[in-house]
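S.K.: TSV, C-alpha atoms and all ligand atoms, file coords20.tsv:
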chain	number	residue	atom	x	y	z
A	111	MET	CA	-277.01	186.71	-21.70
A	112	PRO	CA	-278.09	184.34	-18.94
A	113	ARG	CA	-281.63	184.08	-17.62
A	114	LEU	CA	-283.09	181.80	-14.95
A	115	VAL	CA	-286.04	179.64	-15.92
A	116	PRO	CA	-289.02	180.65	-13.72
A	117	VAL	CA	-291.40	178.48	-11.69
A	118	GLY	CA	-293.24	176.07	-13.99
A	119	GLY	CA	-290.28	175.71	-16.36
A	120	ALA	CA	-290.13	176.92	-19.93
A	121	THR	CA	-290.20	175.39	-23.38
A	122	ILE	CA	-287.72	177.14	-25.67
A	123	SER	CA	-287.29	176.09	-29.29
A	124	GLY	CA	-289.01	172.77	-28.50
A	125	PHE	CA	-286.80	171.90	-25.49
A	126	TYR	CA	-288.21	171.83	-21.95
A	127	PHE	CA	-286.13	173.46	-19.19
A	128	PRO	CA	-287.17	173.00	-15.52
A	129	LYS	CA	-287.40	175.86	-13.02
A	130	GLY	CA	-284.03	177.23	-11.89
A	131	TYR	CA	-282.08	176.18	-14.98
A	132	ARG	CA	-279.86	178.87	-16.44
A	133	VAL	CA	-280.43	179.46	-20.14
A	134	GLY	CA	-278.80	182.02	-22.37
A	135	VAL	CA	-278.35	183.32	-25.86
A	136	ASN	CA	-275.12	184.35	-27.55
A	137	GLY	CA	-275.74	187.64	-29.35
A	138	ALA	CA	-273.31	186.68	-32.11
A	139	VAL	CA	-275.50	183.71	-33.07
A	140	VAL	CA	-278.41	186.09	-33.66
A	141	HIS	CA	-276.25	188.68	-35.41
A	142	TYR	CA	-274.91	186.10	-37.88
A	143	ASP	CA	-278.40	184.76	-38.69
A	144	LYS	CA	-278.64	184.71	-42.48
A	145	ASP	CA	-282.47	184.78	-42.41
A	146	ILE	CA	-282.27	188.21	-40.83
A	147	PHE	CA	-279.01	189.76	-42.05
A	148	GLY	CA	-278.80	188.17	-45.49
A	149	PRO	CA	-276.75	185.35	-47.06
A	150	GLU	CA	-273.49	187.19	-46.38
A	151	ALA	CA	-274.28	187.94	-42.74
A	152	ASP	CA	-270.69	187.21	-41.70
A	153	ASN	CA	-269.18	189.78	-44.09
A	154	PHE	CA	-268.46	193.38	-43.12
A	155	ASN	CA	-270.96	195.13	-45.35
A	156	PRO	CA	-272.47	198.38	-44.06
A	157	ASP	CA	-274.48	198.63	-47.30
A	158	ARG	CA	-276.88	196.02	-45.95
A	159	TRP	CA	-278.34	198.79	-43.79
A	160	ILE	CA	-279.17	200.80	-46.92
A	161	LYS	CA	-280.19	197.98	-49.27
A	162	GLY	CA	-281.74	195.57	-46.74
A	163	ASP	CA	-284.68	195.75	-44.33
A	164	ALA	CA	-283.01	198.05	-41.79
A	165	VAL	CA	-286.06	198.26	-39.52
A	166	ARG	CA	-286.25	194.47	-39.14
A	167	MET	CA	-282.48	194.10	-38.68
A	168	ASP	CA	-282.43	196.87	-36.08
A	169	LYS	CA	-285.12	195.07	-34.07
A	170	MET	CA	-282.94	191.94	-34.02
A	171	MET	CA	-279.77	193.64	-32.74
A	172	ILE	CA	-279.17	192.49	-29.17
A	173	HIS	CA	-275.62	193.75	-28.61
A	174	PHE	CA	-276.89	195.63	-25.54
A	175	GLY	CA	-279.24	192.86	-24.49
A	176	ALA	CA	-283.00	192.92	-24.53
A	177	GLY	CA	-285.98	193.20	-22.23
A	178	PRO	CA	-285.94	194.39	-18.63
A	179	ARG	CA	-282.19	193.66	-18.14
A	180	THR	CA	-281.06	195.72	-21.13
A	181	CYS	CA	-277.68	197.41	-20.61
A	182	ILE	CA	-278.10	200.61	-18.60
A	183	GLY	CA	-274.97	202.04	-20.29
A	184	LYS	CA	-276.47	201.66	-23.77
A	185	ASN	CA	-277.24	205.31	-24.50
A	186	ILE	CA	-273.97	206.73	-23.14
A	187	SER	CA	-272.06	204.02	-25.05
A	188	LEU	CA	-273.89	204.69	-28.30
A	189	SER	CA	-273.32	208.43	-28.07
A	190	GLU	CA	-269.59	207.82	-27.45
A	191	ILE	CA	-269.39	205.34	-30.34
A	192	TYR	CA	-271.29	207.65	-32.73
A	193	LYS	CA	-269.06	210.61	-31.83
A	194	LEU	CA	-265.65	209.11	-31.02
A	195	VAL	CA	-265.26	206.43	-33.71
A	196	PRO	CA	-266.02	208.73	-36.71
A	197	GLN	CA	-263.71	211.38	-35.23
A	198	ILE	CA	-260.82	208.89	-34.88
A	199	ILE	CA	-261.33	207.72	-38.47
A	200	ARG	CA	-261.60	211.33	-39.68
A	201	VAL	CA	-258.29	212.29	-38.08
A	202	PHE	CA	-256.30	209.08	-38.54
A	203	HIS	CA	-255.77	206.59	-41.36
A	204	ILE	CA	-255.67	203.15	-39.70
A	205	GLY	CA	-254.92	199.84	-41.44
A	206	LEU	CA	-253.36	196.43	-41.00
A	207	ALA	CA	-249.54	196.59	-40.97
A	208	ASP	CA	-249.43	193.30	-42.89
A	209	PRO	CA	-252.81	192.51	-44.54
A	210	SER	CA	-251.60	189.02	-45.52
A	211	LYS	CA	-251.17	188.02	-41.86
A	212	GLU	CA	-254.22	186.46	-40.20
A	213	TRP	CA	-255.17	187.65	-36.75
A	214	LYS	CA	-256.52	185.42	-34.02
A	215	THR	CA	-259.85	185.75	-32.27
A	216	HIS	CA	-260.73	184.40	-28.83
A	217	ASN	CA	-264.12	184.04	-27.20
A	218	TYR	CA	-264.26	185.27	-23.62
A	219	TRP	CA	-267.06	187.40	-22.18
A	220	PHE	CA	-266.54	189.50	-25.31
A	221	ASN	CA	-264.65	188.54	-28.44
A	222	LYS	CA	-260.97	189.50	-28.25
A	223	GLN	CA	-258.34	189.71	-30.99
A	224	THR	CA	-254.62	189.07	-30.63
A	225	GLU	CA	-251.69	189.48	-33.02
A	226	VAL	CA	-253.34	192.40	-34.77
A	227	ASN	CA	-250.59	194.80	-35.81
A	228	ILE	CA	-251.81	198.06	-37.25
A	229	PHE	CA	-250.43	201.34	-38.53
A	230	ILE	CA	-251.87	204.72	-37.64
A	231	LYS	CA	-251.17	207.83	-39.71
A	232	ASP	CA	-252.30	211.34	-39.08
A	233	ARG	CA	-254.39	212.13	-42.18
A	234	MET	CA	-253.40	215.79	-42.20
A	235	TYR	CA	-249.66	215.53	-41.54
A	236	GLY	CA	-249.04	211.96	-42.68
A	237	SER	CA	-246.83	211.12	-39.71
A	238	ASN	CA	-246.89	207.60	-38.19
B	1	LIG	C1	-270.25	199.13	-26.04
B	1	LIG	C2	-270.46	199.11	-24.72
B	1	LIG	C3	-271.37	198.14	-24.02
B	1	LIG	C4	-271.93	196.99	-24.45
B	1	LIG	C5	-271.80	196.29	-25.83
B	1	LIG	C6	-272.73	196.46	-23.36
B	1	LIG	C7	-273.46	195.28	-23.40
B	1	LIG	C8	-274.23	194.80	-22.36
B	1	LIG	C9	-275.01	193.58	-22.40
B	1	LIG	C10	-275.11	192.62	-23.60
B	1	LIG	C11	-275.64	193.45	-21.21
B	1	LIG	C12	-276.59	192.30	-20.81
B	1	LIG	C13	-278.02	192.73	-21.13
B	1	LIG	C14	-279.03	191.63	-20.94
B	1	LIG	O1	-278.80	190.67	-20.19
B	1	LIG	O2	-280.14	191.72	-21.56
B	1	LIG	C15	-275.27	194.58	-20.40
B	1	LIG	C16	-275.70	194.81	-19.12
B	1	LIG	C17	-275.29	195.85	-18.34
B	1	LIG	N1	-274.48	196.90	-18.70
B	1	LIG	FE1	-273.61	197.13	-20.50
B	1	LIG	N2	-272.64	197.32	-22.30
B	1	LIG	C18	-271.83	198.36	-22.66
B	1	LIG	C19	-271.51	199.46	-21.89
B	1	LIG	C20	-271.92	199.70	-20.59
B	1	LIG	C21	-271.59	200.87	-19.80
B	1	LIG	C22	-270.74	202.05	-20.30
B	1	LIG	C23	-272.18	200.69	-18.59
B	1	LIG	C24	-272.16	201.59	-17.39
B	1	LIG	C25	-272.10	202.92	-17.48
B	1	LIG	C26	-272.88	199.43	-18.62
B	1	LIG	C27	-273.60	198.91	-17.57
B	1	LIG	C28	-274.33	197.74	-17.62
B	1	LIG	C29	-275.09	197.20	-16.49
B	1	LIG	C30	-275.18	197.80	-15.09
B	1	LIG	C31	-275.70	196.02	-16.94
B	1	LIG	C32	-276.62	195.08	-16.13
B	1	LIG	C33	-278.07	195.51	-16.33
B	1	LIG	C34	-279.03	194.59	-15.57
B	1	LIG	O3	-278.74	193.40	-15.43
B	1	LIG	O4	-280.09	195.07	-15.16
B	1	LIG	N3	-272.70	198.86	-19.85
B	1	LIG	N4	-274.41	195.39	-21.13
Could I get this file's structure written as structure tokens?

M.R.:
Amino acid sequence: MPRLVPVGGATISGFYFPKGYRVGVNGAVVHYDKDIFGPEADNFNPDRWIKGDAVRMDKMMIHFGAGPRTCIGKNISLSEIYKLVPQIIRVFHIGLADPSKEWKTHNYWFNKQTEVNIFIKDRMYGSN
């Protein structure tokens, strides 16, 4: 999330940046911060939202940005995610075709996976 340093410059985390410099933060760095999300911040563990300090963690989530340039599609995206993802999981059983095979991740504007082969089964009828 890039931001331009304003007139007068800015000191961020002890480093001085002159006016006009572009600075930015990678959301993933914040989201993997063990001080906020616990010692196993890089594990998939939805329980942390029940057992941990959910209010504090929620304040630190910047997947839609922060401040005056926050994503304007945030609310429509969240309502789609809250409705669509549970519905897909309710209807289909999805898993890795070969759990022993490692997939690859690439960093672009967003993180992207390749070589992820999955199976999808209709939960009701069991067809592939
Ligand atoms: C899961 C879906 C989405 C994610 C994770 C996402 C994430 C982001 C992020 C991180 C930013 C930068 C915020 C910042 O600099 O503080 C942003 C900006 C923006 N997003 Fe999204 N976005 C999503 C969906 C959408 C959708 C559906 C729309 C349009 C309907 C949209 C429109 C925008 C626009 C216009 C900006 C620029 C806002 C500005 O600079 O004032 N986004 N988004």

S.K.: So how far away is CA of Glu190 (chain A) from atom C25 of ligand LIG 1 (chain B), in Å?

M.R.: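 Separation of atom C25 of ligand LIG 1 (chain B) and CA of Glu190 (chain A): 11.4 Å.
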
S.K.: Using all atoms listed in the file, give me every residue within 9 Å of (-251.9, 194.6, -36.7) in file coordinates, as a PyMOL selection string.

M.R.: chain A and resi 205-209+211+213+224-229

S.K.: Write out as a JSON list (two decimals) with C-alpha atoms, in the coordinates of the input the residues lying within 8 Å of region 144-149 of chain A, counting only C-alpha atoms and excluding same-chain residues fewer than 4 positions away.

M.R.:
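Output file part-v2.json follows:
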[["chain", "number", "residue", "atom", "x", "y", "z"],
["A", 158, "ARG", "CA", -276.88, 196.02, -45.95],
["A", 162, "GLY", "CA", -281.74, 195.57, -46.74],
["A", 166, "ARG", "CA", -286.25, 194.47, -39.14],
["A", 167, "MET", "CA", -282.48, 194.10, -38.68],
["A", 170, "MET", "CA", -282.94, 191.94, -34.02]]

S.K.: Please identify the residues whose atoms come within 9 Å of ligand LIG 1 (chain B), using all atoms listed in the file, and report them as an MDAnalysis selection string.

M.R.: chainID A and resid 111:113 134 137 172:188 190:191 220

S.K.: What is the CA of Gly124 (chain A)-CA of Asp143 (chain A) distance in Å, reported with one decimal?

M.R.: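 Going from CA of Gly124 (chain A) over to CA of Asp143 (chain A), I get 19.0 Å.
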
S.K.: What's the separation between CA of Ser210 (chain A) and CA of Ala151 (chain A), in Å to one decimal place?

M.R.: 22.9 Å

S.K.: Assuming 4 Å of padding per side, give the centre and edge lengths of the axis-aligned box around every listed atom of region 215-220 of chain A, in Å to one decimal and as lines of an AutoDock Vina configuration file.

M.R.:
center_x = -263.5
center_y = 186.8
center_z = -27.2
size_x = 15.2
size_y = 13.5
size_z = 18.1

S.K.: Using only C-alpha atoms, find the one residue out of A:Thr121, A:Tyr126, A:Met171, A:Asn136 that sits nearest to Asn221 (chain A).

M.R.: A:Asn136

S.K.: Taking 5 positions as the minimum chain separation for residues in the same chain, which residues sit within 12 Å of Ile198 (chain A) when counting only C-alpha atoms? Answer as a ChimeraX atom specification.

M.R.: /A:190-193,203-204,230-233

S.K.: Tell me which of A:Ile160, A:Leu114, A:Ala120, A:Tyr218 sits closest to Arg132 (chain A), counting all atoms listed in the file.

M.R.: A:Leu114
